[in-house]
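**Student:** What follows is upload-v7.txt, made up of compact mmCIF, C-alpha atoms:
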# COMPACT_ATOMS: atom_id res chain seq x y z
CA MET A 1 0.00 0.00 0.00
CA ALA A 2 2.87 2.41 0.80
CA LYS A 3 4.35 1.78 -2.64
CA PHE A 4 1.00 2.51 -4.26
CA ASP A 5 0.65 5.74 -2.31
CA ARG A 6 4.12 6.87 -3.31
CA TYR A 7 3.32 6.04 -6.92
CA GLY A 8 0.06 8.00 -6.75
CA ALA A 9 1.78 11.00 -5.17
CA ALA A 10 4.47 10.96 -7.84
CA LYS A 11 1.82 10.76 -10.56
CA ARG A 12 -0.07 13.69 -9.09
CA LYS A 13 3.18 15.66 -8.87
CA ARG A 14 3.93 15.01 -12.54
CA LYS A 15 0.41 16.13 -13.49
CA GLY A 16 0.84 19.29 -11.42
CA SER A 17 4.16 20.10 -13.07
CA LEU A 18 2.55 19.52 -16.46
CA PHE A 19 -0.48 21.71 -15.85
CA ALA A 20 1.48 24.64 -14.31
CA PRO A 21 2.97 25.98 -17.58
CA ILE A 22 -0.34 25.35 -19.37
CA SER A 23 -2.10 27.44 -16.75
CA VAL A 24 0.40 30.25 -17.16
CA LEU A 25 -0.05 30.06 -20.92
CA LEU A 26 -3.83 30.21 -20.62
CA VAL A 27 -3.61 33.20 -18.31
CA GLY A 28 -1.32 34.95 -20.81
CA VAL A 29 -3.71 34.21 -23.66
CA ALA A 30 -6.60 35.54 -21.62
CA ILE A 31 -4.70 38.77 -20.86
CA ILE A 32 -3.79 39.31 -24.52
CA PHE A 33 -7.36 38.55 -25.55
CA GLY A 34 -8.63 41.03 -22.99
CA MET A 35 -6.22 43.70 -24.21
CA GLY A 36 -7.37 43.07 -27.76
CA VAL A 37 -11.05 43.38 -26.87
CA PHE A 38 -10.80 46.27 -24.43
CA PHE A 39 -8.64 49.44 -24.30
CA ARG A 40 -9.72 50.62 -27.74
CA VAL A 41 -8.99 54.23 -28.66
CA GLN A 42 -12.16 56.29 -28.38
CA THR A 43 -10.66 59.76 -27.89
CA ILE A 44 -7.52 61.40 -29.29
CA GLU A 45 -6.50 64.72 -27.75
CA VAL A 46 -3.95 66.98 -29.44
CA ARG A 47 -1.97 69.51 -27.42
CA GLY A 48 0.43 72.24 -28.52
CA ALA A 49 -0.59 72.47 -32.18
CA VAL A 50 -0.68 76.00 -33.60
CA SER A 51 0.13 75.68 -37.29
CA TYR A 52 -1.97 72.53 -37.75
CA THR A 53 -5.47 71.44 -36.84
CA GLU A 54 -6.13 68.48 -34.55
CA GLU A 55 -7.36 66.53 -37.55
CA GLU A 56 -4.10 67.14 -39.45
CA VAL A 57 -1.98 65.96 -36.52
CA ILE A 58 -4.10 62.84 -35.98
CA GLU A 59 -4.05 61.98 -39.68
CA ALA A 60 -0.28 62.40 -39.80
CA SER A 61 0.11 60.04 -36.83
CA GLY A 62 -1.62 57.21 -38.66
CA ILE A 63 -3.65 56.37 -35.53
CA ASP A 64 -7.36 55.65 -35.91
CA ILE A 65 -10.28 55.50 -33.52
CA GLY A 66 -10.71 51.85 -32.58
CA ASP A 67 -6.99 51.03 -32.54
CA ASN A 68 -5.80 49.22 -29.45
CA LEU A 69 -3.97 51.44 -26.97
CA PHE A 70 -1.32 48.85 -26.20
CA PHE A 71 -0.63 47.76 -29.76
CA ILE A 72 0.11 51.26 -31.10
CA ASN A 73 3.77 51.87 -31.92
CA ARG A 74 4.12 55.30 -30.36
CA PHE A 75 7.66 55.85 -31.69
CA SER A 76 6.56 55.20 -35.29
CA ALA A 77 3.52 57.43 -34.89
CA SER A 78 5.66 60.27 -33.48
CA SER A 79 8.13 59.88 -36.34
CA ARG A 80 5.33 60.09 -38.90
CA ILE A 81 4.07 63.33 -37.36
CA PHE A 82 7.58 64.80 -37.35
CA SER A 83 8.27 63.92 -40.99
CA ARG A 84 4.84 64.78 -42.43
CA LEU A 85 4.30 68.08 -40.62
CA PRO A 86 7.37 70.28 -41.17
CA PHE A 87 6.60 72.77 -38.41
CA VAL A 88 6.56 70.05 -35.74
CA GLU A 89 9.89 69.86 -33.95
CA GLU A 90 8.94 67.12 -31.47
CA ALA A 91 5.94 64.87 -30.93
CA SER A 92 5.12 62.59 -28.03
CA ILE A 93 2.23 60.19 -27.46
CA GLU A 94 0.94 58.94 -24.12
CA ARG A 95 -1.85 56.58 -23.13
CA SER A 96 -4.62 57.60 -20.78
CA LEU A 97 -6.51 54.50 -19.72
CA PRO A 98 -8.94 53.14 -20.51
CA ASN A 99 -9.49 54.56 -24.01
CA LYS A 100 -7.71 57.87 -24.61
CA LEU A 101 -4.54 58.95 -26.41
CA ILE A 102 -2.82 62.29 -25.90
CA ILE A 103 -0.59 63.65 -28.68
CA THR A 104 1.62 66.55 -27.63
CA VAL A 105 3.56 68.50 -30.26
CA ASP A 106 6.20 71.20 -29.95
CA GLU A 107 6.31 73.39 -33.02
CA SER A 108 9.35 75.03 -34.52
CA PHE A 109 9.32 78.30 -36.39
CA ALA A 110 11.31 79.67 -39.30
CA LEU A 111 14.53 81.35 -38.22
CA ALA A 112 16.42 81.64 -41.49
CA TYR A 113 16.19 80.85 -45.17
CA VAL A 114 18.51 79.68 -47.92
CA THR A 115 18.07 80.22 -51.65
CA TRP A 116 18.13 77.23 -54.01
CA GLU A 117 17.23 77.32 -57.71
CA GLY A 118 15.19 80.49 -57.32
CA GLN A 119 13.29 79.29 -54.27
CA ASN A 120 13.77 80.53 -50.71
CA TRP A 121 13.66 77.60 -48.31
CA MET A 122 12.74 78.51 -44.75
CA MET A 123 14.36 76.55 -41.94
CA THR A 124 14.61 76.22 -38.18
CA GLY A 125 17.66 76.74 -35.99
CA ASN A 126 18.51 73.06 -36.53
CA CYS A 127 18.32 73.58 -40.29
CA LYS A 128 15.12 71.59 -40.61
CA LEU A 129 13.47 72.75 -43.83
CA LEU A 130 9.92 74.03 -43.49
CA GLY A 131 9.13 74.71 -47.13
CA SER A 132 9.59 77.57 -49.57
CA GLY A 133 8.51 81.08 -48.63
CA THR A 134 7.96 84.40 -50.34
CA GLY A 135 7.28 88.02 -49.45
CA GLU A 136 6.17 88.61 -45.89
CA GLU A 137 7.02 85.05 -44.88
CA LEU A 138 10.71 85.94 -45.21
CA ASN A 139 10.54 89.23 -43.31
CA GLY A 140 12.74 89.13 -40.23
CA LEU A 141 14.41 85.87 -41.23
CA ILE A 142 18.20 85.51 -41.56
CA HIS A 143 19.30 85.11 -45.16
CA VAL A 144 21.97 82.40 -45.28
CA LEU A 145 24.43 82.86 -48.13
CA ASN A 146 26.83 80.44 -49.83
CA VAL A 147 25.26 77.23 -48.56
CA THR A 148 23.73 75.00 -51.24
CA PRO A 149 21.07 72.44 -50.25
CA VAL A 150 20.96 69.06 -51.96
CA ASN A 151 17.45 68.00 -53.01
CA PRO A 152 15.70 69.98 -50.27
CA LYS A 153 12.52 68.47 -48.83
CA ALA A 154 10.11 70.03 -46.36
CA GLY A 155 10.22 68.27 -43.01
CA GLU A 156 13.80 67.07 -43.36
CA THR A 157 17.07 68.51 -42.10
CA MET A 158 18.90 70.30 -44.90
CA GLU A 159 21.51 68.17 -46.61
CA VAL A 160 24.60 69.54 -48.35
CA SER A 161 27.42 68.08 -50.39
CA PRO A 162 30.41 66.63 -48.46
CA ASP A 163 32.58 69.65 -49.24
CA GLN A 164 30.03 71.87 -47.45
CA SER A 165 29.59 69.72 -44.34
CA LEU A 166 31.71 72.08 -42.21
CA LYS A 167 29.52 74.97 -43.31
CA LEU A 168 26.38 73.15 -42.22
CA THR A 169 27.82 72.22 -38.83
CA TYR A 170 28.90 75.80 -38.16
CA LEU A 171 25.62 77.19 -39.47
CA GLN A 172 23.66 75.06 -36.99
CA ALA A 173 25.88 76.26 -34.13
CA LEU A 174 25.45 79.90 -35.16
CA LEU A 175 21.68 79.73 -35.54
CA HIS A 176 21.37 77.94 -32.23
CA GLY A 177 23.53 80.58 -30.52
CA MET A 178 21.62 83.45 -32.10
CA GLN A 179 18.34 81.94 -30.99
CA LEU A 180 19.69 81.36 -27.49
CA THR A 181 20.81 84.98 -27.16
CA ASP A 182 17.57 86.30 -28.69
CA MET A 183 19.38 88.25 -31.42
CA THR A 184 17.92 86.60 -34.50
CA GLY A 185 15.69 89.56 -35.37
CA ASP A 186 18.75 91.81 -35.61
CA VAL A 187 20.83 89.55 -37.89
CA GLU A 188 20.79 89.45 -41.68
CA ASP A 189 22.95 88.11 -44.50
CA LEU A 190 24.79 85.32 -42.71
CA ASP A 191 27.61 84.53 -45.13
CA MET A 192 29.06 81.01 -44.84
CA GLN A 193 31.50 81.39 -47.74
CA ASN A 194 34.46 80.75 -45.44
CA PRO A 195 33.56 77.98 -42.93
CA ALA A 196 36.57 79.00 -40.84
CA ASN A 197 35.41 82.61 -40.57
CA PRO A 198 31.75 83.25 -41.45
CA SER A 199 30.32 86.74 -41.15
CA PHE A 200 26.97 88.46 -40.77
CA ARG A 201 25.36 91.89 -40.60
CA TYR A 202 24.15 92.90 -37.16
CA LEU A 203 21.74 95.73 -36.34
CA ASP A 204 22.43 97.04 -39.84
CA ARG A 205 25.47 98.71 -38.26
CA PHE A 206 28.17 96.06 -37.99
CA THR A 207 29.77 93.37 -40.09
CA VAL A 208 30.68 90.66 -37.60
CA LYS A 209 33.41 88.09 -38.29
CA MET A 210 33.15 84.96 -36.15
CA GLY A 211 36.44 83.17 -36.70
CA PRO A 212 36.66 79.36 -36.19
CA ASN A 213 33.82 77.22 -34.91
CA ASP A 214 34.50 77.23 -31.18
CA ASN A 215 32.81 78.87 -28.17
CA THR A 216 30.16 80.24 -30.52
CA ASP A 217 27.63 81.07 -27.81
CA TYR A 218 30.28 82.84 -25.75
CA LYS A 219 31.42 84.92 -28.72
CA LEU A 220 27.88 86.05 -29.42
CA ARG A 221 27.40 87.07 -25.79
CA MET A 222 30.64 89.07 -25.99
CA LEU A 223 29.25 90.79 -29.07
CA LEU A 224 26.03 91.74 -27.28
CA SER A 225 27.94 93.07 -24.29
CA ALA A 226 30.32 95.11 -26.43
CA VAL A 227 27.60 96.65 -28.59
CA ALA A 228 25.55 97.57 -25.50
CA GLN A 229 28.46 99.76 -24.35
CA MET A 230 28.89 101.56 -27.68
CA GLU A 231 27.34 104.81 -28.82
CA SER A 232 24.34 104.22 -31.05
CA ASP A 233 25.93 105.98 -34.02
CA ILE A 234 29.02 103.75 -34.16
CA THR A 235 29.24 101.47 -37.19
CA GLY A 236 31.98 99.29 -38.62
CA ALA A 237 33.52 95.83 -38.38
CA VAL A 238 33.60 93.55 -35.33
CA ASP A 239 36.12 90.73 -35.13
CA LEU A 240 35.40 87.87 -32.69
CA SER A 241 37.88 85.41 -34.13
CA GLU A 242 40.18 85.38 -31.09
CA GLY A 243 37.36 84.08 -28.94
CA THR A 244 38.46 86.06 -25.87
CA ALA A 245 38.24 89.66 -27.06
CA VAL A 246 36.11 91.89 -29.27
CA HIS A 247 37.96 94.00 -31.81
CA VAL A 248 36.00 96.88 -33.28
CA SER A 249 37.08 98.81 -36.35
CA PRO A 250 34.76 101.84 -36.68
CA ASP A 251 33.98 103.22 -40.12
Can you present the structure in this file as structure tokens?
**Tutor:**
Amino acid sequence: MAKFDRYGAAKRKRKGSLFAPISVLLVGVAIIFGMGVFFRVQTIEVRGAVSYTEEEVIEASGIDIGDNLFFINRFSASSRIFSRLPFVEEASIERSLPNKLIITVDESFALAYVTWEGQNWMMTGNCKLLGSGTGEELNGLIHVLNVTPVNPKAGETMEVSPDQSLKLTYLQALLHGMQLTDMTGDVEDLDMQNPANPSFRYLDRFTVKMGPNDNTDYKLRMLLSAVAQMESDITGAVDLSEGTAVHVSPD
């Protein structure tokens, strides 16, 4: 009888070890089934959009009412919004259970423009192209000279030929610095002819030479400080190439 009991216990143990993974599997299937049936998108809220309507942002995301909250690839949807809507700089998507999605966009605005084959392409401080502009759309924007885009497309960062890569890198640093110091509205004709010493017109009074691509933000702050101490009728050339001093040559 003892042998029979041991045999029965062992048999029950084997059955238990067999049913355990099946139970886990069934639970997993039930959870996936439940997620597929429930948590369907019923509401999509768009935040931060100025240049686009809610409908345009939702359409660009590729998300539809009825999609499952947990099966949506949020990274892919954000990337679609970024690429299809040029004025969107960043897009994020979050779930709000049980049936709501929130799309938040941060928009970028034109800071400069570059001319290519008779068209003026507006772009952000990161050189993301926003499309061609004319007339009033270009007012107040920095005209970038001697940089040639390659097959420009709205919604994409400007590409240039390999021999102009240093120009593009420096241009991005300059535009970022000008935006950071809030001086973009006072800058025009940013000439990138010499990537080791680009220049620009400032306040319609000075021709500023930047020197090599280092400490760009600091150089621009030095410029602002120096100009603030000058008489308003002074014009001429400003050389920032040393990086530690401002040299002014009045007209």
**Student:** Using all atoms listed in the file, pick whichever of A:Leu220, A:Val208, A:Ile63, A:Leu203 has the shortest atom-to-atom distance to A:Leu174.
**Tutor:**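 Of the candidates, the smallest distance to A:Leu174 is held by A:Leu220.
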**Student:** Report, in Å with one decimal, the straight-line distance from atom CA of A:Arg40 to atom CA of A:Phe71.
**Tutor:**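 That distance, rounded to one decimal, is 9.7 Å.
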**Student:** Please report the interatomic distance between atom CA of A:Met123 and atom CA of A:Val238 in Å with one decimal.
**Tutor:**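 Atom CA of A:Met123 sits 26.5 Å away from atom CA of A:Val238.
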**Student:** Which polymer residues, protein or nucleic acid, are no farther than 12 Å from (32.1, 81.3, -43.6), counting all atoms listed in the file, as a PDB file with C-alpha atoms, in the coordinates of the input?
**Tutor:**
ATOM      1  CA  VAL A 144      21.970  82.400 -45.280  1.00  0.00           C
ATOM      2  CA  LEU A 145      24.430  82.860 -48.130  1.00  0.00           C
ATOM      3  CA  ASN A 146      26.830  80.440 -49.830  1.00  0.00           C
ATOM      4  CA  VAL A 147      25.260  77.230 -48.560  1.00  0.00           C
ATOM      5  CA  GLN A 164      30.030  71.870 -47.450  1.00  0.00           C
ATOM      6  CA  SER A 165      29.590  69.720 -44.340  1.00  0.00           C
ATOM      7  CA  LEU A 166      31.710  72.080 -42.210  1.00  0.00           C
ATOM      8  CA  LYS A 167      29.520  74.970 -43.310  1.00  0.00           C
ATOM      9  CA  LEU A 168      26.380  73.150 -42.220  1.00  0.00           C
ATOM     10  CA  THR A 169      27.820  72.220 -38.830  1.00  0.00           C
ATOM     11  CA  TYR A 170      28.900  75.800 -38.160  1.00  0.00           C
ATOM     12  CA  LEU A 171      25.620  77.190 -39.470  1.00  0.00           C
ATOM     13  CA  LEU A 174      25.450  79.900 -35.160  1.00  0.00           C
ATOM     14  CA  ASP A 189      22.950  88.110 -44.500  1.00  0.00           C
ATOM     15  CA  LEU A 190      24.790  85.320 -42.710  1.00  0.00           C
ATOM     16  CA  ASP A 191      27.610  84.530 -45.130  1.00  0.00           C
ATOM     17  CA  MET A 192      29.060  81.010 -44.840  1.00  0.00           C
ATOM     18  CA  GLN A 193      31.500  81.390 -47.740  1.00  0.00           C
ATOM     19  CA  ASN A 194      34.460  80.750 -45.440  1.00  0.00           C
ATOM     20  CA  PRO A 195      33.560  77.980 -42.930  1.00  0.00           C
ATOM     21  CA  ALA A 196      36.570  79.000 -40.840  1.00  0.00           C
ATOM     22  CA  ASN A 197      35.410  82.610 -40.570  1.00  0.00           C
ATOM     23  CA  PRO A 198      31.750  83.250 -41.450  1.00  0.00           C
ATOM     24  CA  SER A 199      30.320  86.740 -41.150  1.00  0.00           C
ATOM     25  CA  PHE A 200      26.970  88.460 -40.770  1.00  0.00           C
ATOM     26  CA  VAL A 208      30.680  90.660 -37.600  1.00  0.00           C
ATOM     27  CA  LYS A 209      33.410  88.090 -38.290  1.00  0.00           C
ATOM     28  CA  MET A 210      33.150  84.960 -36.150  1.00  0.00           C
ATOM     29  CA  GLY A 211      36.440  83.170 -36.700  1.00  0.00           C
ATOM     30  CA  PRO A 212      36.660  79.360 -36.190  1.00  0.00           C
ATOM     31  CA  ASN A 213      33.820  77.220 -34.910  1.00  0.00           C
ATOM     32  CA  SER A 241      37.880  85.410 -34.130  1.00  0.00           C
TER      33      SER A 241
END
**Student:** Would you work out the distance separating atom CA of A:Thr181 from atom CA of A:Arg221, expressed in Å to one decimal?
**Tutor:**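 Answer for the atom CA of A:Thr181 to atom CA of A:Arg221 separation: 7.0 Å.
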**Student:** When you count all atoms listed in the file, which of these residues is closest to A:Asp106: A:Val46, A:Val248, A:Met230, A:Ile72?
**Tutor:**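 Closest to A:Asp106, using all atoms listed in the file: A:Val46.
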**Student:** List every residue of stretch 114-135 of chain A that has an atom at most 10 Å from any atom of stretch 85-92 of chain A, giving for each one its closest atom pair and the distance in Å to one decimal, counting all atoms listed in the file, sorted by chain and then by ascending residue number, as CSV.
**Tutor:**
residue,atom,partner,partner_atom,distance
A:Met123,CA,A:Phe87,CA,9.3
A:Thr124,CA,A:Phe87,CA,8.7
A:Asn126,CA,A:Glu89,CA,9.5
A:Lys128,CA,A:Pro86,CA,7.9
A:Leu129,CA,A:Pro86,CA,7.1
A:Leu130,CA,A:Pro86,CA,5.1
A:Gly131,CA,A:Pro86,CA,7.6
**Student:** Residues as selected, C-alpha atoms, written as a short mmCIF file (atom, residue, chain, number, x, y, z; two decimals), in the coordinates of the input, can you do that?
**Tutor:**
data_model
loop_
_atom_site.label_atom_id
_atom_site.label_comp_id
_atom_site.auth_asym_id
_atom_site.auth_seq_id
_atom_site.Cartn_x
_atom_site.Cartn_y
_atom_site.Cartn_z
CA MET A 123 14.36 76.55 -41.94
CA THR A 124 14.61 76.22 -38.18
CA ASN A 126 18.51 73.06 -36.53
CA LYS A 128 15.12 71.59 -40.61
CA LEU A 129 13.47 72.75 -43.83
CA LEU A 130 9.92 74.03 -43.49
CA GLY A 131 9.13 74.71 -47.13
#
**Student:** Mind checking which residues fall within 9 Å of A:Pro152, counting only C-alpha atoms, ignoring those fewer than 5 positions away in the same chain, and posting them as a list in words?
**Tutor:**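 That gives Trp116, Trp121, Leu129, Gly131, Thr157, Met158 and Glu159 of chain A.
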**Student:** Give the answer as one residue: which of A:Asp251, A:Asp163, A:Glu242, A:Glu188 has the shortest atom-to-atom distance to A:Asn215, using all atoms listed in the file?
**Tutor:** A:Glu242
**Student:** Which residue out of A:Thr216, A:Ser108, A:Thr235, A:Ser78 has the minimum interatomic distance to A:Cys127 when all atoms listed in the file are used?
**Tutor:** A:Ser108
**Student:** From the options A:Thr53, A:Ser96, A:Ser79, A:Thr184, which residue's atoms come nearest to A:Phe39, counting all atoms listed in the file?
**Tutor:**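 Among A:Thr53, A:Ser96, A:Ser79, A:Thr184, it is A:Ser96 that comes nearest to A:Phe39.
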**Student:** For a cutoff of 12 Å around the file-coordinate point (1.9, 59.7, -37.4), which residues qualify once you count all atoms listed in the file? I'd like the result as a ChimeraX atom specification.
**Tutor:** /A:55-64,72-85,88,90-93,103-105
**Student:** Kindly indicate which residue among A:Asp217, A:Asp186, A:Asp239, A:Asp233 lies nearest to A:Gly140, using all atoms listed in the file for the distances.
**Tutor:**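 Between A:Asp217, A:Asp186, A:Asp239, A:Asp233, the residue approaching A:Gly140 most closely is A:Asp186.
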